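What follows is a set of notes on a single structure, which appears directly below.
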Amino acid sequence: MKKQISFSTQGQRADIGDLTIYRVLPNRYADAVGPFVFLDHLVPAKPSSGKPTREDGTGAHPHRGIATLTYILNGEGEHFDSRGNHGKIYSGGVQWMKAGNGIIHDENLNPDSKTGSPYIHAFQFWINLPSEIKKQDPEYLSVKADEVPNMHLDDGAGWLKVIIGQFEKLVSKVPNYHKQYLYHIHLNEGKEFHLPTEKGLEYAAVVAKNDVLVNDTKFNAGDFIEFDREEGVIEICSRSGQAVDILLFGGEKYVEPIVAQGPFVMNTMLEIAQAYEDLYSGKYGAIDPKASSQA
């Protein structure tokens, strides 16, 4: 039996400078899917000038209590933070940062200088951390495109990449503190993919490219889809005459209290107050401008 679709939405505009962004999660229907509490979709964009969209970052800002994950479908992403970490990924790559007990970071998002593609297309997720992990020091990991586990689907249907979690024998390098998953599924025209779901896990999807049929309902690029909590099958079909891309994500429900304010996601208001106090007292450090300029 196919899972029922609870709702779908396109998200709200939340542009950063000249980057067109739709805030997909949270929305008026859902605050979280499993441990995922936030999702921004940077829709495909082509800078008219042909120059980098940002040369000075999207704006340095703090985080605490979460892990951020940026998945670049097209373009290149460059990361800097107040712990001295620096990394650059290109189309198909992943950047993961555990904010832990507090960090300041910034990102540059530009066209892919390796492939020459002028388009930028990316997703950023916030993943809520267990309370004990929120107390730990920050960490950073970059995963190159060829390091992302992937497999060809049967009968030439397409391929599947494991960004977070596990699928069959494929296991992501990204640390996992919950039972959670994030898959990128690419289906060739006229093909389909079936995923049996697991009891106790929450499931959602966001359409990355072109129209797609999900459990017999048509959705457009940019649509966010949440499924009910019953067991069943998720059926994804490409029937629009084009190949489609869709991200499927979710996991175990986060069972601890959640208190979110600005860039901080903690378990109590007292912890939120402490997060701001530590920020204003300089405990998160600062990004070294010399390191940024020399990169």
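FYI, nothing fancy with the structure tokens labels: chains A, B, ... in order, residues from 1 per chain, ligands from 1 as they appear.
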
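The neighbours of Phe249 (chain A) here are the residues that come within 7 Å of it, using only C-alpha atoms and leaving out any residue fewer than 4 positions away in the same chain; they are A:Tyr181, A:Leu182, A:Tyr183, A:Tyr203, A:Ala204, A:Ala205.
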
Would you list the contacts of region 10-20 of chain A as a PyMOL selection string, taking every protein, DNA or RNA residue within 12 Å and counting only C-alpha atoms, but skipping same-chain residues closer than 6 positions in sequence?
chain A and resi 26-30+38-49+52-59+107-111+119-123+205-208+219-226

For those residues, write N, CA and C atoms to a file as a short mmCIF file (atom, residue, chain, number, x, y, z; two decimals), in the first residue's frame.
```cif
data_model
loop_
_atom_site.label_atom_id
_atom_site.label_comp_id
_atom_site.auth_asym_id
_atom_site.auth_seq_id
_atom_site.Cartn_x
_atom_site.Cartn_y
_atom_site.Cartn_z
N PRO A 26 11.01 25.34 8.47
CA PRO A 26 9.62 25.04 8.85
C PRO A 26 8.62 25.77 7.96
N ASN A 27 7.40 25.28 7.98
CA ASN A 27 6.31 25.89 7.22
C ASN A 27 5.04 25.88 8.05
N ARG A 28 3.95 26.33 7.49
CA ARG A 28 2.72 26.45 8.29
C ARG A 28 2.14 25.10 8.68
N TYR A 29 2.61 24.02 8.06
CA TYR A 29 2.10 22.70 8.36
C TYR A 29 3.02 21.88 9.28
N ALA A 30 4.32 22.12 9.20
CA ALA A 30 5.27 21.27 9.93
C ALA A 30 6.46 22.09 10.41
N PHE A 38 14.99 22.58 9.47
CA PHE A 38 15.13 23.75 8.59
C PHE A 38 15.59 23.27 7.22
N LEU A 39 15.04 23.89 6.17
CA LEU A 39 15.49 23.61 4.81
C LEU A 39 15.30 24.84 3.95
N ASP A 40 16.40 25.32 3.38
CA ASP A 40 16.38 26.39 2.38
C ASP A 40 16.73 25.79 1.02
N HIS A 41 15.97 26.19 0.00
CA HIS A 41 16.22 25.76 -1.38
C HIS A 41 16.69 26.96 -2.18
N LEU A 42 17.95 26.95 -2.57
CA LEU A 42 18.50 27.97 -3.46
C LEU A 42 18.20 27.51 -4.87
N VAL A 43 17.20 28.14 -5.49
CA VAL A 43 16.72 27.66 -6.79
C VAL A 43 17.75 27.93 -7.87
N PRO A 44 17.71 27.16 -8.98
CA PRO A 44 18.71 27.35 -10.04
C PRO A 44 18.77 28.80 -10.50
N ALA A 45 19.99 29.35 -10.48
CA ALA A 45 20.19 30.75 -10.85
C ALA A 45 21.42 30.86 -11.73
N LYS A 46 21.37 31.81 -12.66
CA LYS A 46 22.49 32.08 -13.56
C LYS A 46 22.82 33.56 -13.47
N PRO A 47 23.94 33.91 -12.82
CA PRO A 47 24.31 35.32 -12.70
C PRO A 47 24.42 35.98 -14.07
N SER A 48 23.72 37.10 -14.25
CA SER A 48 23.68 37.74 -15.56
C SER A 48 25.03 38.31 -15.97
N SER A 49 25.85 38.67 -14.99
CA SER A 49 27.14 39.27 -15.30
C SER A 49 28.21 38.24 -15.63
N PRO A 52 31.21 35.96 -10.16
CA PRO A 52 30.75 35.29 -8.95
C PRO A 52 29.59 36.04 -8.32
N THR A 53 28.60 35.28 -7.86
CA THR A 53 27.44 35.89 -7.22
C THR A 53 27.82 36.59 -5.93
N ARG A 54 28.72 35.97 -5.16
CA ARG A 54 29.19 36.58 -3.91
C ARG A 54 30.71 36.48 -3.87
N GLU A 55 31.36 37.55 -3.49
CA GLU A 55 32.81 37.51 -3.32
C GLU A 55 33.20 37.66 -1.85
N ASP A 56 32.24 38.07 -1.01
CA ASP A 56 32.53 38.32 0.40
C ASP A 56 31.66 37.48 1.32
N GLY A 57 31.13 36.36 0.80
CA GLY A 57 30.29 35.49 1.61
C GLY A 57 28.85 35.94 1.65
N THR A 58 28.01 35.08 2.19
CA THR A 58 26.60 35.41 2.33
C THR A 58 26.31 36.13 3.64
N GLY A 59 27.34 36.28 4.49
CA GLY A 59 27.19 36.99 5.76
C GLY A 59 27.54 36.10 6.93
N GLU A 107 29.69 31.37 4.13
CA GLU A 107 29.79 30.57 2.92
C GLU A 107 29.78 31.47 1.69
N ASN A 108 30.56 31.10 0.69
CA ASN A 108 30.46 31.68 -0.64
C ASN A 108 29.79 30.67 -1.55
N LEU A 109 28.84 31.13 -2.35
CA LEU A 109 28.15 30.27 -3.31
C LEU A 109 28.27 30.89 -4.69
N ASN A 110 28.94 30.19 -5.59
CA ASN A 110 29.26 30.72 -6.91
C ASN A 110 29.10 29.65 -7.99
N PRO A 111 29.11 30.03 -9.26
CA PRO A 111 29.12 29.04 -10.34
C PRO A 111 30.34 28.13 -10.23
N TYR A 119 25.29 27.90 -13.64
CA TYR A 119 24.14 27.81 -12.73
C TYR A 119 24.57 27.48 -11.29
N ILE A 120 23.81 28.02 -10.35
CA ILE A 120 23.96 27.70 -8.93
C ILE A 120 22.65 27.08 -8.46
N HIS A 121 22.72 25.93 -7.82
CA HIS A 121 21.53 25.24 -7.33
C HIS A 121 21.94 24.45 -6.08
N ALA A 122 21.31 24.73 -4.93
CA ALA A 122 21.77 24.12 -3.69
C ALA A 122 20.63 24.00 -2.68
N PHE A 123 20.86 23.16 -1.68
CA PHE A 123 19.95 23.00 -0.55
C PHE A 123 20.75 23.10 0.74
N ALA A 205 9.85 14.86 1.18
CA ALA A 205 10.60 14.99 -0.06
C ALA A 205 10.53 16.42 -0.54
N VAL A 206 11.51 16.82 -1.33
CA VAL A 206 11.48 18.10 -2.03
C VAL A 206 11.91 17.84 -3.47
N VAL A 207 11.13 18.37 -4.41
CA VAL A 207 11.41 18.14 -5.83
C VAL A 207 12.48 19.12 -6.27
N ALA A 208 13.60 18.59 -6.76
CA ALA A 208 14.73 19.45 -7.12
C ALA A 208 14.65 19.92 -8.58
N PHE A 219 3.66 16.68 -8.85
CA PHE A 219 4.29 17.79 -8.14
C PHE A 219 5.27 18.50 -9.06
N ASN A 220 5.51 19.77 -8.75
CA ASN A 220 6.40 20.61 -9.56
C ASN A 220 7.73 20.82 -8.86
N ALA A 221 8.71 21.27 -9.62
CA ALA A 221 10.02 21.60 -9.05
C ALA A 221 9.84 22.60 -7.92
N GLY A 222 10.48 22.34 -6.79
CA GLY A 222 10.39 23.21 -5.63
C GLY A 222 9.37 22.78 -4.61
N ASP A 223 8.48 21.86 -4.97
CA ASP A 223 7.44 21.42 -4.03
C ASP A 223 8.04 20.60 -2.89
N PHE A 224 7.57 20.88 -1.67
CA PHE A 224 7.89 20.09 -0.48
C PHE A 224 6.70 19.18 -0.21
N ILE A 225 6.98 17.91 0.07
CA ILE A 225 5.94 16.90 0.26
C ILE A 225 6.19 16.20 1.59
N GLU A 226 5.16 16.13 2.43
CA GLU A 226 5.29 15.34 3.66
C GLU A 226 4.30 14.18 3.61
#
```

List the spatial neighbours of Phe167 (chain A) as number ranges by chain - criterion: any atom at most 10 Å away, only C-alpha atoms, same-chain residues fewer than 5 positions off excluded.
A: 149-151, 160-162, 172, 181-183

Could you please take those selected residues and save C-alpha atoms as a short mmCIF file (atom, residue, chain, number, x, y, z; two decimals), in the first residue's frame?
```cif
data_model
loop_
_atom_site.label_atom_id
_atom_site.label_comp_id
_atom_site.auth_asym_id
_atom_site.auth_seq_id
_atom_site.Cartn_x
_atom_site.Cartn_y
_atom_site.Cartn_z
CA PRO A 149 28.06 6.93 -1.99
CA ASN A 150 25.92 6.18 -5.04
CA MET A 151 24.40 3.31 -6.98
CA LEU A 160 20.58 7.14 -6.02
CA LYS A 161 23.06 9.04 -3.82
CA VAL A 162 23.24 8.71 -0.03
CA SER A 172 27.44 8.19 4.08
CA TYR A 181 18.54 9.71 5.94
CA LEU A 182 18.85 12.06 2.99
CA TYR A 183 18.81 10.55 -0.51
#
```

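CA of Ile258 (chain A) lies 13.7 Å from CA of Glu132 (chain A).
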
Interatomic distance (Å, one decimal) between CA of Glu147 (chain A) and CA of Thr68 (chain A)
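Taking CA of Glu147 (chain A) as the start and CA of Thr68 (chain A) as the end point, the length is 18.6 Å.
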
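Around Ala286 (chain A), within 12 Å and counting only C-alpha atoms, the residues found are Ala60, His61, Pro62, Phe80, Asp81, Ser82, Arg83, Gly84, Asn85, Gly102, Ile103, Ile104, His105, Asp106, Leu279, Tyr280, Ser281, Gly282, Lys290, Ala291 and Ser292 of chain A, once anything fewer than 4 positions away on its own chain is removed.
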